[in-house]
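Visitor: Structure: structure-v9.txt, compact mmCIF, C-alpha atoms.
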# COMPACT_ATOMS: atom_id res chain seq x y z
CA MET T 1 -56.82 45.38 -11.72
CA THR T 2 -55.09 44.40 -8.49
CA THR T 3 -57.15 45.14 -5.39
CA LYS T 4 -55.68 46.36 -2.11
CA LYS T 5 -56.45 43.00 -0.53
CA GLN T 6 -54.60 41.13 -3.29
CA SER T 7 -51.64 43.49 -2.96
CA ILE T 8 -51.44 42.89 0.79
CA GLU T 9 -51.73 39.12 0.39
CA LYS T 10 -48.96 39.14 -2.21
CA THR T 11 -46.67 41.12 0.09
CA LEU T 12 -47.42 38.83 3.05
CA SER T 13 -46.41 35.78 1.02
CA GLN T 14 -42.92 37.16 0.32
CA PRO T 15 -39.97 35.73 2.28
CA LEU T 16 -38.85 37.50 5.42
CA PRO T 17 -35.73 39.62 4.75
CA LYS T 18 -32.74 38.02 6.44
CA LYS T 19 -31.56 41.42 7.67
CA ALA T 20 -34.69 41.59 9.84
CA ILE T 21 -33.68 38.54 11.86
CA LYS T 22 -31.74 39.20 15.04
CA GLN T 23 -30.16 36.67 17.37
CA ARG T 24 -29.67 36.44 21.10
CA GLU T 25 -28.29 33.82 23.41
CA GLY T 26 -30.74 31.77 25.44
CA GLY T 27 -30.34 29.23 28.20
CA GLY T 28 -29.09 25.70 27.61
CA GLY T 29 -26.59 26.81 24.95
CA MET T 30 -29.15 27.89 22.36
CA ILE T 31 -29.11 30.82 19.95
CA LEU T 32 -32.62 32.22 19.48
CA ASP T 33 -33.76 34.02 16.33
CA TYR T 34 -36.28 36.83 16.71
CA LEU T 35 -37.72 40.02 15.22
CA GLU T 36 -37.34 43.32 17.03
CA GLY T 37 -40.58 44.96 18.11
CA TRP T 38 -39.96 48.23 16.30
CA TRP T 39 -39.30 46.36 13.06
CA ALA T 40 -42.54 44.37 13.31
CA ILE T 41 -44.53 47.58 13.88
CA GLN T 42 -42.77 49.35 11.01
CA ASN T 43 -43.49 46.38 8.75
CA ALA T 44 -47.16 46.38 9.76
CA ASN T 45 -47.39 50.08 8.89
CA ARG T 46 -45.79 49.39 5.52
CA ILE T 47 -47.98 46.42 4.61
CA PHE T 48 -51.34 47.32 6.16
CA GLY T 49 -51.02 51.07 6.22
CA ILE T 50 -50.93 53.43 9.20
CA GLY T 51 -54.41 53.65 10.67
CA ASN T 52 -55.50 50.31 9.19
CA TRP T 53 -54.42 48.23 12.16
CA SER T 54 -54.37 48.48 15.94
CA TYR T 55 -53.66 46.38 19.02
CA GLU T 56 -54.85 46.42 22.61
CA PRO T 57 -53.26 44.74 25.66
CA VAL T 58 -55.80 43.02 27.93
CA PHE T 59 -54.27 44.17 31.23
CA GLU T 60 -57.15 42.81 33.31
CA ARG T 61 -55.96 39.32 32.33
CA MET T 62 -52.30 39.99 33.15
CA GLU T 63 -50.70 37.25 35.27
CA HIS T 64 -47.65 37.47 37.53
CA ILE T 65 -45.75 34.23 38.18
CA VAL T 66 -43.15 34.43 40.95
CA LEU T 67 -40.08 32.17 40.82
CA PRO T 68 -37.46 31.45 43.49
CA ASP T 69 -34.86 34.17 44.04
CA THR T 70 -31.66 33.91 42.03
CA GLN T 71 -28.37 32.91 43.66
CA LYS T 72 -27.61 36.61 44.03
CA GLY T 73 -30.83 37.12 45.96
CA LYS T 74 -32.68 38.95 43.19
CA LYS T 75 -36.43 38.54 42.88
CA THR T 76 -37.45 36.97 39.61
CA GLY T 77 -40.56 35.79 37.81
CA PHE T 78 -42.72 36.09 34.70
CA TYR T 79 -45.47 38.34 33.49
CA THR T 80 -48.00 37.19 30.88
CA ILE T 81 -50.32 39.58 29.05
CA PRO T 82 -52.81 38.85 26.23
CA VAL T 83 -53.04 41.22 23.27
CA VAL T 84 -55.82 41.58 20.70
CA LEU T 85 -54.79 42.70 17.19
CA LYS T 86 -57.21 44.13 14.62
CA VAL T 87 -56.31 44.64 10.96
CA ASN T 88 -58.47 46.12 8.19
CA ILE T 89 -57.86 44.29 4.93
CA GLY T 90 -60.15 45.56 2.17
CA ASP T 91 -63.64 45.73 3.65
CA LYS T 92 -62.95 43.06 6.27
CA GLU T 93 -61.65 43.36 9.82
CA VAL T 94 -59.30 40.52 10.79
CA VAL T 95 -58.87 39.88 14.51
CA ARG T 96 -55.99 37.98 16.10
CA GLY T 97 -55.06 37.29 19.73
CA ASP T 98 -52.09 35.83 21.58
CA VAL T 99 -50.25 35.96 24.90
CA GLY T 100 -46.82 37.48 25.57
CA ILE T 101 -44.50 36.25 28.31
CA THR T 102 -41.39 37.95 29.69
CA GLN T 103 -39.12 37.19 32.63
CA TYR T 104 -37.68 39.84 34.94
CA TYR T 105 -34.77 39.94 37.38
CA GLY T 106 -35.10 42.27 40.35
CA GLU T 107 -37.88 44.69 41.27
CA GLU T 108 -36.46 47.24 38.85
CA GLY T 109 -37.06 44.87 35.95
CA LYS T 110 -40.81 44.48 36.42
CA GLU T 111 -41.86 47.53 34.39
CA MET T 112 -39.71 46.52 31.41
CA ALA T 113 -41.03 42.96 31.65
CA ILE T 114 -44.62 44.21 31.38
CA LYS T 115 -43.73 46.27 28.32
CA GLY T 116 -41.86 43.28 26.90
CA CYS T 117 -44.96 41.11 27.33
CA VAL T 118 -47.03 43.46 25.19
CA THR T 119 -44.38 43.54 22.46
CA ASP T 120 -44.00 39.75 22.56
CA ALA T 121 -47.77 39.22 22.29
CA LEU T 122 -48.04 41.71 19.43
CA LYS T 123 -45.31 39.94 17.47
CA ARG T 124 -47.00 36.61 18.11
CA CYS T 125 -50.27 38.03 16.76
CA LEU T 126 -48.59 39.45 13.67
CA ARG T 127 -46.81 36.19 12.87
CA THR T 128 -50.20 34.63 12.04
CA PHE T 129 -50.09 36.72 8.85
CA GLY T 130 -47.16 34.69 7.55
CA GLU T 131 -43.52 34.89 6.59
CA GLN T 132 -43.31 38.69 6.61
CA PHE T 133 -43.76 38.61 10.38
CA GLY T 134 -41.52 35.67 11.20
CA LEU T 135 -43.96 32.75 11.17
CA LEU T 136 -41.23 30.42 9.94
CA LEU T 137 -39.00 31.31 12.88
CA TYR T 138 -41.15 29.08 15.07
CA ASP T 139 -41.11 25.29 15.33
CA LYS T 140 -44.21 23.24 14.68
CA GLY T 141 -46.63 23.43 17.55
CA ASP T 142 -44.78 26.41 19.01
CA THR T 143 -43.61 24.31 21.96
CA THR T 144 -39.91 25.06 21.55
CA PRO T 145 -37.86 28.24 21.24
CA PRO T 146 -37.88 30.09 17.89
CA THR T 147 -35.22 28.75 15.52
CA THR T 148 -34.23 29.87 12.04
CA ARG T 149 -36.58 28.60 9.33
CA ILE T 150 -35.89 30.77 6.29
CA LYS T 151 -36.22 29.72 2.67
CA GLY T 152 -32.97 28.44 1.25
CA GLN T 153 -31.76 26.97 4.53
CA GLY T 154 -31.61 23.29 5.31
CA SER T 155 -34.62 21.52 6.75
CA PHE T 156 -34.86 20.56 10.39
CA GLN T 157 -33.27 17.32 11.49
CA SER T 158 -35.46 14.69 13.07
CA GLN T 159 -34.67 13.22 16.49
CA GLU T 160 -33.32 10.08 14.81
CA GLN T 161 -31.11 12.14 12.49
CA LEU T 162 -29.69 14.06 15.45
CA MET T 163 -28.95 10.79 17.25
CA GLU T 164 -27.13 9.43 14.20
CA LYS T 165 -25.17 12.66 13.75
CA PHE T 166 -23.88 12.56 17.32
CA GLY T 167 -23.32 8.82 17.51
CA MET T 168 -26.24 8.02 19.80
CA ASP T 169 -28.19 4.76 19.74
CA THR T 170 -31.29 5.45 17.62
CA GLY T 171 -33.23 3.21 19.99
CA GLN T 172 -32.84 5.86 22.69
CA LEU T 173 -36.11 6.70 24.42
CA PRO T 174 -36.84 10.28 25.51
CA PRO T 175 -37.05 11.10 29.22
CA ALA T 176 -40.02 12.71 30.94
CA CYS T 177 -39.39 16.14 32.43
CA SER T 178 -38.99 15.76 36.18
CA ALA T 179 -40.82 19.03 36.77
CA CYS T 180 -43.92 18.75 34.58
CA GLY T 181 -43.86 15.23 33.12
CA ALA T 182 -43.76 16.30 29.46
CA THR T 183 -41.76 14.25 26.95
CA MET T 184 -38.40 15.92 26.32
CA THR T 185 -36.68 16.29 22.93
CA LEU T 186 -33.08 16.47 21.77
CA VAL T 187 -31.72 19.92 20.90
CA SER T 188 -28.30 20.80 19.51
CA ARG T 189 -26.15 23.22 21.50
CA LYS T 190 -25.37 26.54 19.81
CA ASP T 191 -21.78 25.55 19.01
CA GLY T 192 -22.90 22.24 17.51
CA SER T 193 -20.64 20.30 19.88
CA SER T 194 -23.31 18.12 21.48
CA LEU T 195 -26.97 17.59 22.27
CA PHE T 196 -29.09 18.05 25.36
CA TRP T 197 -32.64 17.14 26.34
CA SER T 198 -35.07 20.08 26.37
CA CYS T 199 -38.57 20.24 27.85
CA PRO T 200 -41.31 21.61 25.53
CA ASN T 201 -42.68 23.61 28.46
CA TRP T 202 -39.45 25.55 29.11
CA ARG T 203 -41.17 28.81 28.10
CA THR T 204 -44.25 28.60 30.32
CA LYS T 205 -42.99 26.55 33.26
CA GLY T 206 -39.26 27.25 33.32
CA CYS T 207 -38.33 23.56 33.14
CA LYS T 208 -34.63 22.63 33.04
CA GLY T 209 -32.74 20.71 30.38
CA LEU T 210 -30.73 17.52 30.86
CA ASN T 211 -27.36 16.36 29.58
CA VAL T 212 -27.64 13.28 27.38
CA ASP T 213 -25.35 11.38 29.77
CA ASP T 214 -27.92 11.82 32.54
CA VAL T 215 -30.47 9.67 30.68
CA ASP T 216 -30.20 5.92 30.01
CA ILE T 217 -31.32 4.13 26.84
CA ASP T 218 -34.79 3.53 28.29
CA GLY T 219 -35.33 7.21 29.02
CA ASN T 220 -34.74 6.98 32.76
CA ILE T 221 -32.98 9.91 34.43
CA THR T 222 -29.97 8.37 36.12
CA GLY T 223 -27.45 11.20 36.60
CA LYS T 224 -27.07 13.96 39.13
CA LYS T 225 -30.27 15.57 37.83
CA LYS T 226 -32.39 12.58 38.76
CA ALA T 227 -36.01 13.52 39.20
CA LYS T 228 -36.92 15.15 42.47
CA SER T 229 -40.32 15.68 43.96
CA ALA T 230 -41.66 18.88 42.47
CA LYS T 231 -42.03 21.58 45.08
CA LYS T 232 -44.93 23.79 44.19
CA LYS T 233 -46.20 27.04 45.51
CA ASN T 234 -49.07 28.81 43.85
CA ASN T 235 -48.81 26.22 41.05
CA VAL T 236 -45.22 27.33 40.27
CA ASN T 237 -42.36 24.85 40.05
CA MET T 238 -39.87 25.74 42.79
CA ASP T 239 -37.05 23.57 41.42
CA VAL T 240 -36.50 25.94 38.48
CA ASN T 241 -32.97 27.15 37.85
CA VAL T 242 -33.62 30.56 36.32
CA ASP T 243 -30.23 30.56 34.64
CA ASP T 244 -31.48 27.77 32.37
CA ILE T 245 -34.55 29.67 31.17
CA PRO T 246 -33.89 30.80 27.55
CA PHE T 247 -35.22 34.37 27.57
Step by step, read the file and then write its structure as structure tokens.
Guide:
Amino acid sequence: MTTKKQSIEKTLSQPLPKKAIKQREGGGGMILDYLEGWWAIQNANRIFGIGNWSYEPVFERMEHIVLPDTQKGKKTGFYTIPVVLKVNIGDKEVVRGDVGITQYYGEEGKEMAIKGCVTDALKRCLRTFGEQFGLLLYDKGDTTPPTTRIKGQGSFQSQEQLMEKFGMDTGQLPPACSACGATMTLVSRKDGSSLFWSCPNWRTKGCKGLNVDDVDIDGNITGKKKAKSAKKKNNVNMDVNVDDIPF
């Protein structure tokens, strides 16, 4: 006889329906795959059962990160909010936690950004339960934007494979991000026309990308985006171009 726990585990192991995946355009020429908040909640109700799960934003740990004004003079920044998720599976309570982050533009966007943080954190908590909540939409280590990883699709290309595909020297060394110092990686533009260098901390620190022509074979930044001294205020990078932040 199949128990409720076994039934839930079987459902969680099923592939994510392709119709659930939505796409939006991000900065740096990327197309980001994501799940809508309402769909994730509806799916949780279906799998776990209404009343068998709950979540709570930890507003006392909310953080507000202010960025430089946009070119149009609009205030902009990020909010981050942790969320704790609790799910009853059989006779066991499973607890998950994660942090949501959302950018806003203008004072009028702050309220929606806070709500967006909660939804983002909830979805990130739910993804720990597997494919049914979009786990495979995220790259390893979760240091880069979500990208499509659905069964039946081709596997990811390595950095060397991308270099070969676009005629780059496979001896190319990666540059260090001029803002945070992290090692950058090659990412294909959404139209597949070329590559660019992306910082793994683009989500949390708003770091900018680089054109491949701005980096020499040894990984030195030589073009117009040559590294500048990072201007910091309240531990926030002030050289961020908000138009390059893929949210």
Visitor: How many Å separate CA of Gln172 (chain T) from CA of Ser188 (chain T)?
Guide: 15.9 Å
Visitor: Taking into account all atoms listed in the file, which residue in the set T:Ser54, T:Glu164, T:Cys199, T:Val187 is nearest to Glu93 (chain T)?
Guide: T:Ser54
Visitor: Which of these, T:Thr11, T:Gln42, T:Thr3, T:Ser194, has the shortest distance to Gly167 (chain T) once you count only C-alpha atoms?
Guide: T:Ser194
Visitor: Excluding region 118-124 of chain T and its own-chain neighbours fewer than 5 positions away, which residues fall within 7 Å of it when counting all atoms listed in the file? Please give them as a PDB file with C-alpha atoms, keeping the file's coordinate frame.
Guide:
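The file below, result_0.pdb, is the result:
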ATOM      1  CA  GLY T  37     -40.580  44.960  18.110  1.00  0.00           C
ATOM      2  CA  ALA T  40     -42.540  44.370  13.310  1.00  0.00           C
ATOM      3  CA  PRO T  57     -53.260  44.740  25.660  1.00  0.00           C
ATOM      4  CA  ILE T  81     -50.320  39.580  29.050  1.00  0.00           C
ATOM      5  CA  PRO T  82     -52.810  38.850  26.230  1.00  0.00           C
ATOM      6  CA  VAL T  83     -53.040  41.220  23.270  1.00  0.00           C
ATOM      7  CA  ASP T  98     -52.090  35.830  21.580  1.00  0.00           C
ATOM      8  CA  VAL T  99     -50.250  35.960  24.900  1.00  0.00           C
ATOM      9  CA  GLY T 100     -46.820  37.480  25.570  1.00  0.00           C
ATOM     10  CA  ILE T 101     -44.500  36.250  28.310  1.00  0.00           C
TER      11      ILE T 101
END
Visitor: Any idea what's packed within 12 Å of Gln14 (chain T), counting all atoms listed in the file, ignoring anything in its chain fewer than 5 positions away? Could you give it as a PyMOL selection string?
Guide: chain T and resi 7-9+47+129-136+150-151
Visitor: Restricting the calculation to all atoms listed in the file: of T:Lys75, T:Lys115, T:Lys86, T:Val95, which residue gets closest to Phe59 (chain T)?
Guide: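 Ranking T:Lys75, T:Lys115, T:Lys86, T:Val95 by distance to Phe59 (chain T), first place goes to T:Lys115.
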Visitor: Neighbouring residues of Phe196 (chain T) were defined as those with any atom within 9 Å, considering only C-alpha atoms; residues of the same chain fewer than 2 positions away were excluded. Please report them as a list in words.
Guide: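 Listed by chain and then number, they are Gly28, Thr185, Leu186, Val187, Ser188, Arg189, Ser194, Ser198, Gly209, Leu210, Asn211, Val212 and Asp213 of chain T.
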Visitor: Tell me which protein, DNA and RNA residues are within 8 Å of Glu36 (chain T), counting all atoms listed in the file, leaving out same-chain ones fewer than 2 positions away, and put them as an mmCIF file with C-alpha atoms, in the coordinates of the input.
Guide:
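out_20.cif written:
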data_model
loop_
_atom_site.group_PDB
_atom_site.id
_atom_site.type_symbol
_atom_site.label_atom_id
_atom_site.label_comp_id
_atom_site.auth_asym_id
_atom_site.auth_seq_id
_atom_site.Cartn_x
_atom_site.Cartn_y
_atom_site.Cartn_z
ATOM 1 C CA ALA T 20 -34.690 41.590 9.840
ATOM 2 C CA ILE T 21 -33.680 38.540 11.860
ATOM 3 C CA LYS T 22 -31.740 39.200 15.040
ATOM 4 C CA TYR T 34 -36.280 36.830 16.710
ATOM 5 C CA TRP T 38 -39.960 48.230 16.300
ATOM 6 C CA TRP T 39 -39.300 46.360 13.060
ATOM 7 C CA ALA T 40 -42.540 44.370 13.310
#
Visitor: Given all atoms listed in the file as the basis, pick out the residue of T:Ile217, T:Leu16, T:Leu195, T:Met184 nearest to Gly171 (chain T).
Guide: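 Selected residue with least distance to Gly171 (chain T): T:Ile217.
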Visitor: For Pro175 (chain T), which residue among T:Cys207, T:Ile221, T:Leu137, T:Ala113 is the nearest when counting only C-alpha atoms?
Guide: T:Ile221
Visitor: Would you compute the distance between CA of Lys18 (chain T) and CA of Gly90 (chain T)? Give it in Å to one decimal.
Guide: 28.7 Å
Visitor: Counting all atoms listed in the file, which of T:Ile114, T:Thr128, T:Gly49, T:Glu107 gets nearest to Glu63 (chain T)?
Guide: T:Ile114
Visitor: With a distance cut-off of 10 Å and only C-alpha atoms, select the neighbouring residues of Lys110 (chain T), excluding the residue or stretch itself and same-chain residues fewer than 2 positions from it, and output the selection as a VMD selection string.
Guide: chain T and resid 64 75 to 79 102 to 108 112 to 116
Visitor: What's the separation between CA of Lys5 (chain T) and CA of Asp91 (chain T), in Å to one decimal place?
Guide: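 Between CA of Lys5 (chain T) and CA of Asp91 (chain T) the gap works out to 8.8 Å.
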Visitor: Please rebuild region 92-123 of chain T with N, CA and C atoms and give the result as a PDB file, keeping the file's coordinate frame.
Guide:
ATOM      1  N   LYS T  92     -62.818  44.046   5.202  1.00  0.00           N
ATOM      2  CA  LYS T  92     -62.950  43.060   6.270  1.00  0.00           C
ATOM      3  C   LYS T  92     -61.999  43.364   7.423  1.00  0.00           C
ATOM      4  N   GLU T  93     -62.494  43.214   8.647  1.00  0.00           N
ATOM      5  CA  GLU T  93     -61.650  43.360   9.820  1.00  0.00           C
ATOM      6  C   GLU T  93     -61.188  41.985  10.281  1.00  0.00           C
ATOM      7  N   VAL T  94     -59.885  41.796  10.346  1.00  0.00           N
ATOM      8  CA  VAL T  94     -59.300  40.520  10.790  1.00  0.00           C
ATOM      9  C   VAL T  94     -58.812  40.698  12.213  1.00  0.00           C
ATOM     10  N   VAL T  95     -59.219  39.789  13.093  1.00  0.00           N
ATOM     11  CA  VAL T  95     -58.870  39.880  14.510  1.00  0.00           C
ATOM     12  C   VAL T  95     -57.973  38.704  14.894  1.00  0.00           C
ATOM     13  N   ARG T  96     -56.907  39.000  15.616  1.00  0.00           N
ATOM     14  CA  ARG T  96     -55.990  37.980  16.100  1.00  0.00           C
ATOM     15  C   ARG T  96     -55.713  38.213  17.584  1.00  0.00           C
ATOM     16  N   GLY T  97     -55.397  37.168  18.309  1.00  0.00           N
ATOM     17  CA  GLY T  97     -55.060  37.290  19.730  1.00  0.00           C
ATOM     18  C   GLY T  97     -53.984  36.308  20.132  1.00  0.00           C
ATOM     19  N   ASP T  98     -53.132  36.715  21.067  1.00  0.00           N
ATOM     20  CA  ASP T  98     -52.090  35.830  21.580  1.00  0.00           C
ATOM     21  C   ASP T  98     -51.612  36.365  22.922  1.00  0.00           C
ATOM     22  N   VAL T  99     -50.739  35.589  23.571  1.00  0.00           N
ATOM     23  CA  VAL T  99     -50.250  35.960  24.900  1.00  0.00           C
ATOM     24  C   VAL T  99     -48.737  36.139  24.862  1.00  0.00           C
ATOM     25  N   GLY T 100     -48.257  37.228  25.451  1.00  0.00           N
ATOM     26  CA  GLY T 100     -46.820  37.480  25.570  1.00  0.00           C
ATOM     27  C   GLY T 100     -46.336  37.069  26.937  1.00  0.00           C
ATOM     28  N   ILE T 101     -45.083  36.634  27.026  1.00  0.00           N
ATOM     29  CA  ILE T 101     -44.500  36.250  28.310  1.00  0.00           C
ATOM     30  C   ILE T 101     -43.069  36.764  28.382  1.00  0.00           C
ATOM     31  N   THR T 102     -42.717  37.382  29.513  1.00  0.00           N
ATOM     32  CA  THR T 102     -41.390  37.950  29.690  1.00  0.00           C
ATOM     33  C   THR T 102     -40.939  37.753  31.131  1.00  0.00           C
ATOM     34  N   GLN T 103     -39.676  37.374  31.297  1.00  0.00           N
ATOM     35  CA  GLN T 103     -39.120  37.190  32.630  1.00  0.00           C
ATOM     36  C   GLN T 103     -38.422  38.470  33.087  1.00  0.00           C
ATOM     37  N   TYR T 104     -38.406  38.698  34.391  1.00  0.00           N
ATOM     38  CA  TYR T 104     -37.680  39.840  34.940  1.00  0.00           C
ATOM     39  C   TYR T 104     -36.738  39.374  36.041  1.00  0.00           C
ATOM     40  N   TYR T 105     -35.727  40.184  36.305  1.00  0.00           N
ATOM     41  CA  TYR T 105     -34.770  39.940  37.380  1.00  0.00           C
ATOM     42  C   TYR T 105     -34.691  41.197  38.232  1.00  0.00           C
ATOM     43  N   GLY T 106     -35.133  41.109  39.473  1.00  0.00           N
ATOM     44  CA  GLY T 106     -35.100  42.270  40.350  1.00  0.00           C
ATOM     45  C   GLY T 106     -36.348  43.124  40.202  1.00  0.00           C
ATOM     46  N   GLU T 107     -36.693  43.832  41.275  1.00  0.00           N
ATOM     47  CA  GLU T 107     -37.880  44.690  41.270  1.00  0.00           C
ATOM     48  C   GLU T 107     -37.828  45.719  40.150  1.00  0.00           C
ATOM     49  N   GLU T 108     -36.609  46.193  39.863  1.00  0.00           N
ATOM     50  CA  GLU T 108     -36.460  47.240  38.850  1.00  0.00           C
ATOM     51  C   GLU T 108     -36.761  46.740  37.440  1.00  0.00           C
ATOM     52  N   GLY T 109     -36.820  45.425  37.273  1.00  0.00           N
ATOM     53  CA  GLY T 109     -37.060  44.870  35.950  1.00  0.00           C
ATOM     54  C   GLY T 109     -38.519  44.606  35.631  1.00  0.00           C
ATOM     55  N   LYS T 110     -39.400  44.816  36.614  1.00  0.00           N
ATOM     56  CA  LYS T 110     -40.810  44.480  36.420  1.00  0.00           C
ATOM     57  C   LYS T 110     -41.479  45.339  35.343  1.00  0.00           C
ATOM     58  N   GLU T 111     -41.210  46.644  35.363  1.00  0.00           N
ATOM     59  CA  GLU T 111     -41.860  47.530  34.390  1.00  0.00           C
ATOM     60  C   GLU T 111     -41.464  47.160  32.958  1.00  0.00           C
ATOM     61  N   MET T 112     -40.175  46.894  32.743  1.00  0.00           N
ATOM     62  CA  MET T 112     -39.710  46.520  31.410  1.00  0.00           C
ATOM     63  C   MET T 112     -40.281  45.176  30.998  1.00  0.00           C
ATOM     64  N   ALA T 113     -40.468  44.268  31.957  1.00  0.00           N
ATOM     65  CA  ALA T 113     -41.030  42.960  31.650  1.00  0.00           C
ATOM     66  C   ALA T 113     -42.469  43.092  31.168  1.00  0.00           C
ATOM     67  N   ILE T 114     -43.232  43.988  31.795  1.00  0.00           N
ATOM     68  CA  ILE T 114     -44.620  44.210  31.380  1.00  0.00           C
ATOM     69  C   ILE T 114     -44.665  44.757  29.952  1.00  0.00           C
ATOM     70  N   LYS T 115     -43.797  45.725  29.678  1.00  0.00           N
ATOM     71  CA  LYS T 115     -43.730  46.270  28.320  1.00  0.00           C
ATOM     72  C   LYS T 115     -43.288  45.196  27.329  1.00  0.00           C
ATOM     73  N   GLY T 116     -42.331  44.355  27.756  1.00  0.00           N
ATOM     74  CA  GLY T 116     -41.860  43.280  26.900  1.00  0.00           C
ATOM     75  C   GLY T 116     -42.938  42.266  26.585  1.00  0.00           C
ATOM     76  N   CYS T 117     -43.836  42.025  27.547  1.00  0.00           N
ATOM     77  CA  CYS T 117     -44.960  41.110  27.330  1.00  0.00           C
ATOM     78  C   CYS T 117     -45.852  41.594  26.197  1.00  0.00           C
ATOM     79  N   VAL T 118     -46.145  42.884  26.214  1.00  0.00           N
ATOM     80  CA  VAL T 118     -47.030  43.460  25.190  1.00  0.00           C
ATOM     81  C   VAL T 118     -46.382  43.329  23.816  1.00  0.00           C
ATOM     82  N   THR T 119     -45.092  43.647  23.734  1.00  0.00           N
ATOM     83  CA  THR T 119     -44.380  43.540  22.460  1.00  0.00           C
ATOM     84  C   THR T 119     -44.336  42.092  21.979  1.00  0.00           C
ATOM     85  N   ASP T 120     -44.062  41.166  22.902  1.00  0.00           N
ATOM     86  CA  ASP T 120     -44.000  39.750  22.560  1.00  0.00           C
ATOM     87  C   ASP T 120     -45.347  39.267  22.033  1.00  0.00           C
ATOM     88  N   ALA T 121     -46.430  39.635  22.715  1.00  0.00           N
ATOM     89  CA  ALA T 121     -47.770  39.220  22.290  1.00  0.00           C
ATOM     90  C   ALA T 121     -48.132  39.809  20.930  1.00  0.00           C
ATOM     91  N   LEU T 122     -47.763  41.077  20.710  1.00  0.00           N
ATOM     92  CA  LEU T 122     -48.040  41.710  19.430  1.00  0.00           C
ATOM     93  C   LEU T 122     -47.331  40.977  18.297  1.00  0.00           C
ATOM     94  N   LYS T 123     -46.063  40.654  18.498  1.00  0.00           N
ATOM     95  CA  LYS T 123     -45.310  39.940  17.470  1.00  0.00           C
ATOM     96  C   LYS T 123     -45.901  38.565  17.207  1.00  0.00           C
TER      97      LYS T 123
END
